[in-house]
Amino acid sequence: MSVDEARDAAPEAGGAVAAEARRPVGRVFANREYRGICLAQVTSECGDQISGLAVAYLVYTRSNSAFLAAVSYAVTYVPWVIGSVLLAPLVDRYPRRSVLLFCDLARAVLTLLLLAMTFDSRIPIAVLLAVVLLASFCSPPFVTARSSTIPDIFEGSPLYVRAVATGRILQQVDQVFGFALGGIIVAAITPRGALAVDAATFVASFLLILTHVRKRPAPAPVRGLALGRLLRNLGPDLRQVVADPARRYLVLACACALLFLIAPEGLAVAYVRQQGHGALAAGLLSAAQPCGVALGAWWYVRLPPHQQGRWLLRMPVIGAALLTLTAFAPPVWLTALIWLASGVTQCFVVTSIAAYNVITDSALRGRANGLASSSICLTQGLGFAVWGLVGDAQGAAAGVAWAGVAGLLLVSVLWYFWPDDAFGAVWERLAVAERRD
C-alpha cells in the first residue's frame with residue numbers, strides 16, 4: 001500500500017470499503033461537489049508524484065547520491081508522523097472548505113518558490129529539501145479535510161461508502177499516472193518544468209474546490225488549538241489503541257512490511273541512472289510498484305475475509321523475496337515487472353485497514369487511525385533513509401535487495417509471535433461487516 005492509503009485510513013467504514021470496492025461506482029460522480037473533490041484529488045495527487053520524481057531526479061543529478069534522492073521522498077513523510085495526530089484538529093475548528101483552499105494555495109506558492117530556488121546552483125540541497133518539507137506540512141490537513149467533507153456531501157446516503165471506495169482506487173491510479181507522466185515531463189521539459197506543472201495542479205485544485213464545494217460552517221469552532229491537551233492525551237490514547245492484541249499486530253504488520261517494501265520507490269531514480277537511462281525510464285520504473293498495488297487491491301478484496309487473513313503474512317514474505325531478485329541488477333524492463341509483482345503483495349494492507357476499523361469502536365477510531373497512520377508513515381520515511389544509505393554505499397540494486405533480506409527476517413519474527421487466537425473473531429466480524437454492506 002502507498003502512503004496515501006495509509007493517510008486516508010481514517011474512520012471510514014473498514015469492511016464496507018472492501019465490500020463496496022466490488023461494486024460499480026455508479027452514481028457518485030453525479031454529485032457536483034463530489035465530482036469537484038475527486039477532480040481536485042486526481043489533479044493534486046498526480047502533481048505530487050510528478051513533483052516527487054522531479055525533485056528526486058534533480059537532487060540525484062546534482063549530488064550523485066542515492067541517499068539524498070531517497071531523502072527527497074522521505075521528508076514528505078515527516079509531516080504525516082506529526083500531522084496525523086496534531087494537525088487533524090484544524091479540520092474540526094475551521095470550515096473544511098477554507099482548509100482545503102488554504103492548503104492548495106500554500107502548496108502552489110511554496111512549489112513556485114522551490115522552482116525559483118533551483119535556478120541558483122549555490123543554494124544547498126538541504127535548503128531545497130526544507131522547502132519540500134514545509135510544503136508537505138499542508139498535506140495532512142488537506143487530506144483530512146477532504147475525507148471529512150465527503151460525509152457532509154452525501155449526508156448519510158448509502159453512496160458514501162461507494163464514494164470512499166472510489167477515492168481509494170483513484171489514489172493508486174494517481175500514483176501510477178503521476179510517476180509515468182513525471183518521467184515524460186522531466187525528460188521533455190526538465191525537472192524545473194515538472195515543478196511548474198506541479199504548481200499549476202495546485203492552482204487547478206484550488207479553483208475546482210472554490211467552484212464546486214459549497215461553504216459550510218466549522219463543525220466545532222473553538223478559539224485556540226489546545227495543543228497542550230492534545231500532547232497530554234497522546235500517551236493514554238496510544239495505550240488504549242495498543243491494548244487490543246489484534247489491533248496492535250495489524251499495525252505492526254503494516255509498519256514492518258512497508259519499512260522494506262518502500263525501497264523501490266526511493267531508489268528507482270538512482271537505479272535507472274546507474275544503468276545509464278534517463279527520466280522517462282525513471283518515471284516508468286517508479287510507476288511499476290503503485291500499478292502492482294492497484295492490481296493487488298482489486299484482486300484481494302474479492303477473496304473471502306478468512307482467505308484474506310490466511311494470506312496476510314504470506315504476502316509480505318513473497319514481496320520481500322521478490323525484492324531480493326534485484327541483487328542481480330536486471331535490466332529496467334525486468335526490474336519493473338519484479339517491482340510490479342512486489343506491489344501486488346502489498347494487497348494485504350487493504351485487509352489490515354478494514355479489519356483494524358471493524359474491531360475499533362467508533363469513539364476511538366479517529367485517534368486509532370491517526371496513530372496507525374503516524375506509525376506507518378514513520379517506518380516508510382525511515383525505510384527511505386536506510387535503503388538510500390545502503391544504495392549510496394553499495395548501489396541501488398543492492399539497496400533494494402538488502403531491503404528484501406531485511407523484510408524476510410522482520411516478517412519471520414512477526415510470524416513467530418503472531419497471536420492466531422486473537423484473529424479468529426476478527427475475520428468473522430469482517431465477514432459480517434461485508435455481508436451487512
# chains A, B, ... in the order shown; residues from 1 in each chain; ligands from 1

call {"tool": "residues_around", "arguments": {"residues": "segment 243-258 of chain A", "least_positions_apart": "6", "cutoff": "9 Å", "atoms": "only C-alpha atoms", "output": "PyMOL selection string"}}
result
chain A and resi 1-2+312-313+316-317+319-320+346+348-349+352-353+355-357+359-360+372-373+375-380+383+407+410-411+414+418-420+422-423+426

call {"tool": "atom_distance", "arguments": {"atom1": "atom CA of Thr43 of chain A", "atom2": "atom CA of Ala130 of chain A"}}
result
23.7 Å

call {"tool": "residues_around", "arguments": {"residues": "segment 33-41 of chain A", "least_positions_apart": "3", "cutoff": "8 Å", "atoms": "only C-alpha atoms", "output": "PyMOL selection string"}}
result
chain A and resi 28-30+44-45+146+150+153+167+204-206+208-209+212-214

call {"tool": "closest_atom_pairs", "arguments": {"of": "segment 51-162 of chain A", "to": "segment 280-293 of chain A", "cutoff": "10 Å", "atoms": "only C-alpha atoms", "output": "CSV"}}
result
residue,atom,partner,partner_atom,distance
A:Leu53,CA,A:Gly283,CA,7.1
A:Ala54,CA,A:Gly283,CA,9.4
A:Tyr57,CA,A:Ala282,CA,8.5

call {"tool": "closest_residue", "arguments": {"among": "A:Leu303, A:Asp198, A:Leu323, A:Val405", "to": "Ala431 of chain A", "atoms": "only C-alpha atoms"}}
result
A:Leu303

call {"tool": "closest_atom_pairs", "arguments": {"of": "segment 101-210 of chain A", "to": "segment 63-78 of chain A", "cutoff": "12 Å", "atoms": "only C-alpha atoms", "output": "CSV"}}
result
residue,atom,partner,partner_atom,distance
A:Ser121,CA,A:Ser63,CA,11.4
A:Pro124,CA,A:Ser63,CA,10.3
A:Ile125,CA,A:Ser63,CA,8.4
A:Ala126,CA,A:Leu68,CA,9.2
A:Val127,CA,A:Ser72,CA,11.3
A:Leu128,CA,A:Ser72,CA,9.1
A:Leu129,CA,A:Ser72,CA,6.3
A:Ala130,CA,A:Val75,CA,8.2
A:Val131,CA,A:Val75,CA,9.9
A:Val132,CA,A:Thr76,CA,7.0
A:Leu133,CA,A:Val75,CA,5.5
A:Leu134,CA,A:Thr76,CA,8.8
A:Ala135,CA,A:Thr76,CA,8.4
A:Ser136,CA,A:Thr76,CA,5.4
A:Phe137,CA,A:Thr76,CA,8.0
A:Cys138,CA,A:Thr76,CA,10.3
A:Ser139,CA,A:Thr76,CA,9.0
A:Pro140,CA,A:Tyr77,CA,10.0

call {"tool": "atom_distance", "arguments": {"atom1": "atom CA of Gly404 of chain A", "atom2": "atom CA of Ala368 of chain A"}}
result
28.9 Å

call {"tool": "residues_around", "arguments": {"residues": "Gly47 of chain A", "least_positions_apart": "6", "cutoff": "12 Å", "atoms": "only C-alpha atoms", "output": "compact mmCIF listing (two decimals) with all heavy atoms, in the first residue's frame"}}
result
# COMPACT_ATOMS: atom_id res chain seq x y z
N ALA A 40 -10.16 17.46 -8.06
CA ALA A 40 -9.09 18.12 -7.32
C ALA A 40 -8.10 17.10 -6.77
O ALA A 40 -6.88 17.32 -6.80
CB ALA A 40 -9.69 18.95 -6.19
N GLN A 41 -8.63 15.98 -6.28
CA GLN A 41 -7.76 14.92 -5.76
C GLN A 41 -6.84 14.38 -6.85
O GLN A 41 -5.63 14.27 -6.66
CB GLN A 41 -8.61 13.77 -5.19
CG GLN A 41 -7.81 12.54 -4.79
CD GLN A 41 -8.69 11.36 -4.40
OE1 GLN A 41 -9.87 11.55 -4.07
NE2 GLN A 41 -8.14 10.16 -4.42
N LEU A 53 9.09 12.96 -8.27
CA LEU A 53 10.07 12.41 -9.20
C LEU A 53 11.03 13.50 -9.67
O LEU A 53 12.24 13.29 -9.77
CB LEU A 53 9.36 11.78 -10.39
CG LEU A 53 10.27 11.15 -11.45
CD1 LEU A 53 11.01 9.95 -10.88
CD2 LEU A 53 9.47 10.74 -12.67
N ALA A 54 10.50 14.71 -9.95
CA ALA A 54 11.35 15.81 -10.43
C ALA A 54 12.38 16.20 -9.38
O ALA A 54 13.56 16.40 -9.70
CB ALA A 54 10.48 17.01 -10.78
N ASP A 104 -4.11 24.28 -0.65
CA ASP A 104 -3.77 24.31 -2.08
C ASP A 104 -2.99 25.57 -2.44
O ASP A 104 -1.99 25.51 -3.16
CB ASP A 104 -5.05 24.24 -2.92
CG ASP A 104 -5.43 22.81 -3.29
OD1 ASP A 104 -4.54 21.94 -3.26
OD2 ASP A 104 -6.60 22.58 -3.61
N ARG A 107 0.58 25.41 -1.01
CA ARG A 107 1.46 24.49 -1.74
C ARG A 107 1.84 25.03 -3.11
O ARG A 107 2.97 24.82 -3.57
CB ARG A 107 0.77 23.12 -1.86
CG ARG A 107 0.71 22.38 -0.54
CD ARG A 107 0.19 20.96 -0.69
NE ARG A 107 -1.22 20.92 -1.04
CZ ARG A 107 -1.91 19.79 -1.15
NH1 ARG A 107 -1.32 18.62 -0.95
NH2 ARG A 107 -3.20 19.82 -1.47
N ALA A 108 0.94 25.74 -3.75
CA ALA A 108 1.27 26.36 -5.04
C ALA A 108 2.38 27.39 -4.88
O ALA A 108 3.35 27.42 -5.65
CB ALA A 108 0.03 27.00 -5.65
N THR A 111 5.73 25.66 -3.99
CA THR A 111 6.30 24.96 -5.14
C THR A 111 6.94 25.94 -6.11
O THR A 111 8.01 25.68 -6.67
CB THR A 111 5.21 24.14 -5.86
OG1 THR A 111 4.62 23.22 -4.94
CG2 THR A 111 5.81 23.35 -7.02
N ASP A 174 -3.70 7.52 -9.48
CA ASP A 174 -2.96 8.78 -9.49
C ASP A 174 -1.46 8.53 -9.38
O ASP A 174 -0.66 9.20 -10.06
CB ASP A 174 -3.41 9.67 -8.33
CG ASP A 174 -4.84 10.15 -8.49
OD1 ASP A 174 -5.37 10.03 -9.60
OD2 ASP A 174 -5.42 10.62 -7.49
N GLN A 175 -1.07 7.60 -8.52
CA GLN A 175 0.35 7.32 -8.37
C GLN A 175 0.95 6.77 -9.66
O GLN A 175 2.02 7.19 -10.09
CB GLN A 175 0.57 6.31 -7.24
CG GLN A 175 0.59 6.94 -5.86
CD GLN A 175 1.28 6.02 -4.87
OE1 GLN A 175 0.80 4.93 -4.60
NE2 GLN A 175 2.40 6.45 -4.35
N VAL A 176 0.25 5.83 -10.27
CA VAL A 176 0.76 5.22 -11.49
C VAL A 176 0.92 6.27 -12.59
O VAL A 176 2.00 6.43 -13.18
CB VAL A 176 -0.17 4.08 -11.98
CG1 VAL A 176 0.28 3.57 -13.34
CG2 VAL A 176 -0.19 2.94 -10.96
N PHE A 177 -0.15 7.03 -12.85
CA PHE A 177 -0.09 8.01 -13.93
C PHE A 177 0.81 9.18 -13.56
O PHE A 177 1.47 9.76 -14.43
CB PHE A 177 -1.50 8.49 -14.28
CG PHE A 177 -2.26 7.54 -15.14
CD1 PHE A 177 -3.21 6.70 -14.59
CD2 PHE A 177 -2.00 7.46 -16.50
CE1 PHE A 177 -3.91 5.80 -15.38
CE2 PHE A 177 -2.70 6.56 -17.29
CZ PHE A 177 -3.66 5.72 -16.74
N GLY A 178 0.84 9.54 -12.26
CA GLY A 178 1.70 10.64 -11.84
C GLY A 178 3.16 10.35 -12.08
O GLY A 178 3.90 11.19 -12.62
N PHE A 179 3.60 9.15 -11.70
CA PHE A 179 5.00 8.79 -11.91
C PHE A 179 5.32 8.69 -13.41
O PHE A 179 6.37 9.15 -13.87
CB PHE A 179 5.34 7.48 -11.22
CG PHE A 179 5.67 7.63 -9.77
CD1 PHE A 179 5.05 6.83 -8.81
CD2 PHE A 179 6.60 8.55 -9.34
CE1 PHE A 179 5.35 6.96 -7.46
CE2 PHE A 179 6.92 8.69 -8.00
CZ PHE A 179 6.29 7.89 -7.06
N ALA A 180 4.42 8.04 -14.16
CA ALA A 180 4.66 7.90 -15.60
C ALA A 180 4.71 9.26 -16.29
O ALA A 180 5.61 9.55 -17.08
CB ALA A 180 3.58 7.02 -16.22
N LEU A 181 3.72 10.12 -15.97
CA LEU A 181 3.73 11.46 -16.54
C LEU A 181 4.95 12.26 -16.08
O LEU A 181 5.52 13.04 -16.84
CB LEU A 181 2.45 12.21 -16.13
CG LEU A 181 1.16 11.81 -16.85
CD1 LEU A 181 -0.03 12.51 -16.21
CD2 LEU A 181 1.25 12.17 -18.33
N GLY A 182 5.35 12.02 -14.82
CA GLY A 182 6.53 12.71 -14.31
C GLY A 182 7.77 12.39 -15.13
O GLY A 182 8.56 13.28 -15.45
N ILE A 185 7.45 14.22 -18.46
CA ILE A 185 7.60 15.68 -18.33
C ILE A 185 9.04 16.06 -18.00
O ILE A 185 9.59 17.00 -18.56
CB ILE A 185 6.62 16.21 -17.26
CG1 ILE A 185 5.18 16.08 -17.77
CG2 ILE A 185 6.93 17.67 -16.91
CD1 ILE A 185 4.14 16.36 -16.72
N GLY A 193 10.53 22.32 -15.29
CA GLY A 193 9.23 22.33 -15.94
C GLY A 193 8.22 21.48 -15.19
O GLY A 193 7.04 21.84 -15.08
N ALA A 194 8.68 20.36 -14.64
CA ALA A 194 7.79 19.49 -13.86
C ALA A 194 7.32 20.20 -12.60
O ALA A 194 6.16 20.05 -12.18
CB ALA A 194 8.51 18.20 -13.51
N LEU A 195 8.20 20.97 -11.95
CA LEU A 195 7.78 21.73 -10.76
C LEU A 195 6.75 22.79 -11.13
O LEU A 195 5.81 23.04 -10.37
CB LEU A 195 9.00 22.39 -10.11
CG LEU A 195 9.98 21.43 -9.40
CD1 LEU A 195 11.21 22.19 -8.92
CD2 LEU A 195 9.30 20.74 -8.24
N ALA A 196 6.90 23.42 -12.30
CA ALA A 196 5.90 24.39 -12.76
C ALA A 196 4.55 23.71 -12.98
O ALA A 196 3.50 24.26 -12.62
CB ALA A 196 6.38 25.06 -14.04
N VAL A 197 4.58 22.50 -13.53
CA VAL A 197 3.34 21.74 -13.72
C VAL A 197 2.70 21.42 -12.38
O VAL A 197 1.48 21.52 -12.21
CB VAL A 197 3.62 20.44 -14.52
CG1 VAL A 197 2.40 19.53 -14.52
CG2 VAL A 197 4.03 20.77 -15.95
N ASP A 198 3.53 21.06 -11.39
CA ASP A 198 3.01 20.75 -10.06
C ASP A 198 2.32 21.97 -9.45
O ASP A 198 1.22 21.86 -8.88
CB ASP A 198 4.16 20.29 -9.16
CG ASP A 198 3.67 19.81 -7.80
OD1 ASP A 198 2.58 19.23 -7.74
OD2 ASP A 198 4.39 20.03 -6.81
N ALA A 199 2.95 23.14 -9.56
CA ALA A 199 2.33 24.36 -9.04
C ALA A 199 0.99 24.61 -9.74
O ALA A 199 0.00 25.01 -9.10
CB ALA A 199 3.26 25.55 -9.24
N ALA A 200 0.94 24.34 -11.03
CA ALA A 200 -0.31 24.54 -11.78
C ALA A 200 -1.40 23.58 -11.31
O ALA A 200 -2.59 23.94 -11.28
CB ALA A 200 -0.05 24.35 -13.27
N THR A 201 -1.03 22.36 -10.93
CA THR A 201 -2.03 21.40 -10.45
C THR A 201 -2.66 21.88 -9.14
O THR A 201 -3.86 21.67 -8.91
CB THR A 201 -1.43 20.00 -10.24
OG1 THR A 201 -0.45 20.03 -9.21
CG2 THR A 201 -0.83 19.47 -11.53
N PHE A 202 -1.88 22.53 -8.28
CA PHE A 202 -2.44 23.04 -7.03
C PHE A 202 -3.38 24.22 -7.30
O PHE A 202 -4.40 24.37 -6.63
CB PHE A 202 -1.32 23.46 -6.08
CG PHE A 202 -0.55 22.31 -5.51
CD1 PHE A 202 0.83 22.29 -5.55
CD2 PHE A 202 -1.20 21.23 -4.93
CE1 PHE A 202 1.55 21.23 -5.04
CE2 PHE A 202 -0.49 20.16 -4.41
CZ PHE A 202 0.90 20.16 -4.47
N VAL A 203 -3.04 25.05 -8.27
CA VAL A 203 -3.93 26.15 -8.65
C VAL A 203 -5.23 25.57 -9.22
O VAL A 203 -6.34 26.05 -8.90
CB VAL A 203 -3.25 27.06 -9.68
CG1 VAL A 203 -4.23 28.10 -10.21
CG2 VAL A 203 -2.03 27.75 -9.06
N ALA A 204 -5.12 24.53 -10.06
CA ALA A 204 -6.32 23.90 -10.62
C ALA A 204 -7.17 23.28 -9.53
O ALA A 204 -8.41 23.41 -9.54
CB ALA A 204 -5.90 22.84 -11.64
N SER A 205 -6.54 22.61 -8.56
CA SER A 205 -7.27 22.03 -7.44
C SER A 205 -7.98 23.12 -6.64
O SER A 205 -9.14 22.96 -6.24
CB SER A 205 -6.31 21.25 -6.55
OG SER A 205 -6.96 20.72 -5.42

call {"tool": "atom_distance", "arguments": {"atom1": "atom CA of Phe260 of chain A", "atom2": "atom CA of Phe417 of chain A"}}
result
19.4 Å

call {"tool": "select_by_dssp", "arguments": {"residues": "segment 97-326 of chain A", "states": "helix (DSSP H, G or I)", "output": "ChimeraX atom specification"}}
result
/A:97-117,125-136,139-154,159-212,227-242,245-261,263-274,279-300,305-310,314-326

call {"tool": "decode", "arguments": {"residues": "segment 60-74 of chain A", "atoms": "all heavy atoms", "output": "PDB file, in the first residue's frame"}}
result
ATOM      1  N   TYR A  60      19.444  13.935  -7.346  1.00  0.00           N
ATOM      2  CA  TYR A  60      20.438  12.924  -7.721  1.00  0.00           C
ATOM      3  C   TYR A  60      21.398  13.462  -8.779  1.00  0.00           C
ATOM      4  O   TYR A  60      22.599  13.189  -8.745  1.00  0.00           O
ATOM      5  CB  TYR A  60      19.746  11.665  -8.247  1.00  0.00           C
ATOM      6  CG  TYR A  60      20.735  10.534  -8.502  1.00  0.00           C
ATOM      7  CD1 TYR A  60      21.167   9.730  -7.466  1.00  0.00           C
ATOM      8  CD2 TYR A  60      21.250  10.306  -9.771  1.00  0.00           C
ATOM      9  CE1 TYR A  60      22.083   8.713  -7.675  1.00  0.00           C
ATOM     10  CE2 TYR A  60      22.169   9.295  -9.996  1.00  0.00           C
ATOM     11  CZ  TYR A  60      22.574   8.504  -8.937  1.00  0.00           C
ATOM     12  OH  TYR A  60      23.498   7.508  -9.158  1.00  0.00           O
ATOM     13  N   THR A  61      20.867  14.258  -9.712  1.00  0.00           N
ATOM     14  CA  THR A  61      21.722  14.828 -10.754  1.00  0.00           C
ATOM     15  C   THR A  61      22.776  15.763 -10.155  1.00  0.00           C
ATOM     16  O   THR A  61      23.943  15.756 -10.573  1.00  0.00           O
ATOM     17  CB  THR A  61      20.871  15.588 -11.780  1.00  0.00           C
ATOM     18  OG1 THR A  61      19.925  14.686 -12.360  1.00  0.00           O
ATOM     19  CG2 THR A  61      21.731  16.171 -12.882  1.00  0.00           C
ATOM     20  N   ARG A  62      22.375  16.543  -9.152  1.00  0.00           N
ATOM     21  CA  ARG A  62      23.311  17.487  -8.543  1.00  0.00           C
ATOM     22  C   ARG A  62      24.284  16.824  -7.579  1.00  0.00           C
ATOM     23  O   ARG A  62      25.434  17.251  -7.454  1.00  0.00           O
ATOM     24  CB  ARG A  62      22.537  18.582  -7.798  1.00  0.00           C
ATOM     25  CG  ARG A  62      21.908  19.611  -8.715  1.00  0.00           C
ATOM     26  CD  ARG A  62      21.215  20.710  -7.949  1.00  0.00           C
ATOM     27  NE  ARG A  62      22.082  21.361  -6.968  1.00  0.00           N
ATOM     28  CZ  ARG A  62      21.715  22.400  -6.216  1.00  0.00           C
ATOM     29  NH1 ARG A  62      20.498  22.909  -6.353  1.00  0.00           N
ATOM     30  NH2 ARG A  62      22.544  22.930  -5.354  1.00  0.00           N
ATOM     31  N   SER A  63      23.849  15.773  -6.877  1.00  0.00           N
ATOM     32  CA  SER A  63      24.665  15.196  -5.806  1.00  0.00           C
ATOM     33  C   SER A  63      25.262  13.830  -6.140  1.00  0.00           C
ATOM     34  O   SER A  63      26.220  13.400  -5.496  1.00  0.00           O
ATOM     35  CB  SER A  63      23.824  15.048  -4.535  1.00  0.00           C
ATOM     36  OG  SER A  63      22.778  14.094  -4.748  1.00  0.00           O
ATOM     37  N   ASN A  64      24.662  13.142  -7.136  1.00  0.00           N
ATOM     38  CA  ASN A  64      25.040  11.763  -7.453  1.00  0.00           C
ATOM     39  C   ASN A  64      24.924  10.854  -6.224  1.00  0.00           C
ATOM     40  O   ASN A  64      25.671   9.898  -6.054  1.00  0.00           O
ATOM     41  CB  ASN A  64      26.467  11.695  -8.018  1.00  0.00           C
ATOM     42  CG  ASN A  64      26.708  10.429  -8.823  1.00  0.00           C
ATOM     43  OD1 ASN A  64      25.796   9.932  -9.490  1.00  0.00           O
ATOM     44  ND2 ASN A  64      27.907   9.877  -8.743  1.00  0.00           N
ATOM     45  N   SER A  65      23.955  11.171  -5.348  1.00  0.00           N
ATOM     46  CA  SER A  65      23.776  10.437  -4.088  1.00  0.00           C
ATOM     47  C   SER A  65      22.404   9.776  -4.066  1.00  0.00           C
ATOM     48  O   SER A  65      21.375  10.451  -4.089  1.00  0.00           O
ATOM     49  CB  SER A  65      23.909  11.387  -2.894  1.00  0.00           C
ATOM     50  OG  SER A  65      23.497  10.754  -1.695  1.00  0.00           O
ATOM     51  N   ALA A  66      22.388   8.441  -4.001  1.00  0.00           N
ATOM     52  CA  ALA A  66      21.130   7.707  -3.879  1.00  0.00           C
ATOM     53  C   ALA A  66      20.445   8.025  -2.549  1.00  0.00           C
ATOM     54  O   ALA A  66      19.219   8.063  -2.453  1.00  0.00           O
ATOM     55  CB  ALA A  66      21.382   6.208  -3.990  1.00  0.00           C
ATOM     56  N   PHE A  67      21.272   8.272  -1.516  1.00  0.00           N
ATOM     57  CA  PHE A  67      20.714   8.594  -0.200  1.00  0.00           C
ATOM     58  C   PHE A  67      19.932   9.906  -0.240  1.00  0.00           C
ATOM     59  O   PHE A  67      18.794   9.971   0.225  1.00  0.00           O
ATOM     60  CB  PHE A  67      21.838   8.685   0.833  1.00  0.00           C
ATOM     61  CG  PHE A  67      21.395   9.238   2.156  1.00  0.00           C
ATOM     62  CD1 PHE A  67      20.544   8.519   2.974  1.00  0.00           C
ATOM     63  CD2 PHE A  67      21.820  10.493   2.579  1.00  0.00           C
ATOM     64  CE1 PHE A  67      20.125   9.030   4.200  1.00  0.00           C
ATOM     65  CE2 PHE A  67      21.410  11.014   3.787  1.00  0.00           C
ATOM     66  CZ  PHE A  67      20.564  10.279   4.610  1.00  0.00           C
ATOM     67  N   LEU A  68      20.519  10.950  -0.816  1.00  0.00           N
ATOM     68  CA  LEU A  68      19.832  12.237  -0.865  1.00  0.00           C
ATOM     69  C   LEU A  68      18.589  12.178  -1.758  1.00  0.00           C
ATOM     70  O   LEU A  68      17.581  12.828  -1.473  1.00  0.00           O
ATOM     71  CB  LEU A  68      20.787  13.325  -1.353  1.00  0.00           C
ATOM     72  CG  LEU A  68      21.891  13.732  -0.362  1.00  0.00           C
ATOM     73  CD1 LEU A  68      22.802  14.773  -0.987  1.00  0.00           C
ATOM     74  CD2 LEU A  68      21.283  14.264   0.933  1.00  0.00           C
ATOM     75  N   ALA A  69      18.663  11.401  -2.840  1.00  0.00           N
ATOM     76  CA  ALA A  69      17.480  11.239  -3.690  1.00  0.00           C
ATOM     77  C   ALA A  69      16.351  10.569  -2.913  1.00  0.00           C
ATOM     78  O   ALA A  69      15.178  10.955  -3.030  1.00  0.00           O
ATOM     79  CB  ALA A  69      17.829  10.426  -4.930  1.00  0.00           C
ATOM     80  N   ALA A  70      16.699   9.555  -2.100  1.00  0.00           N
ATOM     81  CA  ALA A  70      15.687   8.884  -1.277  1.00  0.00           C
ATOM     82  C   ALA A  70      15.169   9.810  -0.186  1.00  0.00           C
ATOM     83  O   ALA A  70      13.977   9.793   0.141  1.00  0.00           O
ATOM     84  CB  ALA A  70      16.269   7.615  -0.661  1.00  0.00           C
ATOM     85  N   VAL A  71      16.052  10.639   0.387  1.00  0.00           N
ATOM     86  CA  VAL A  71      15.634  11.582   1.427  1.00  0.00           C
ATOM     87  C   VAL A  71      14.627  12.587   0.877  1.00  0.00           C
ATOM     88  O   VAL A  71      13.727  13.042   1.594  1.00  0.00           O
ATOM     89  CB  VAL A  71      16.865  12.302   2.022  1.00  0.00           C
ATOM     90  CG1 VAL A  71      16.447  13.515   2.856  1.00  0.00           C
ATOM     91  CG2 VAL A  71      17.665  11.341   2.889  1.00  0.00           C
ATOM     92  N   SER A  72      14.738  12.923  -0.420  1.00  0.00           N
ATOM     93  CA  SER A  72      13.778  13.861  -1.009  1.00  0.00           C
ATOM     94  C   SER A  72      12.361  13.299  -0.945  1.00  0.00           C
ATOM     95  O   SER A  72      11.385  14.062  -0.891  1.00  0.00           O
ATOM     96  CB  SER A  72      14.158  14.182  -2.455  1.00  0.00           C
ATOM     97  OG  SER A  72      13.936  13.067  -3.311  1.00  0.00           O
ATOM     98  N   TYR A  73      12.220  11.974  -0.972  1.00  0.00           N
ATOM     99  CA  TYR A  73      10.921  11.347  -0.743  1.00  0.00           C
ATOM    100  C   TYR A  73      10.609  11.277   0.752  1.00  0.00           C
ATOM    101  O   TYR A  73       9.478  11.509   1.187  1.00  0.00           O
ATOM    102  CB  TYR A  73      10.899   9.925  -1.308  1.00  0.00           C
ATOM    103  CG  TYR A  73      10.785   9.832  -2.804  1.00  0.00           C
ATOM    104  CD1 TYR A  73      11.861   9.406  -3.574  1.00  0.00           C
ATOM    105  CD2 TYR A  73       9.600  10.144  -3.457  1.00  0.00           C
ATOM    106  CE1 TYR A  73      11.769   9.303  -4.955  1.00  0.00           C
ATOM    107  CE2 TYR A  73       9.490  10.048  -4.833  1.00  0.00           C
ATOM    108  CZ  TYR A  73      10.578   9.633  -5.578  1.00  0.00           C
ATOM    109  OH  TYR A  73      10.476   9.533  -6.943  1.00  0.00           O
ATOM    110  N   ALA A  74      11.638  10.951   1.555  1.00  0.00           N
ATOM    111  CA  ALA A  74      11.421  10.717   2.984  1.00  0.00           C
ATOM    112  C   ALA A  74      10.890  11.954   3.695  1.00  0.00           C
ATOM    113  O   ALA A  74      10.052  11.841   4.605  1.00  0.00           O
ATOM    114  CB  ALA A  74      12.725  10.254   3.639  1.00  0.00           C
TER     115      ALA A  74
END
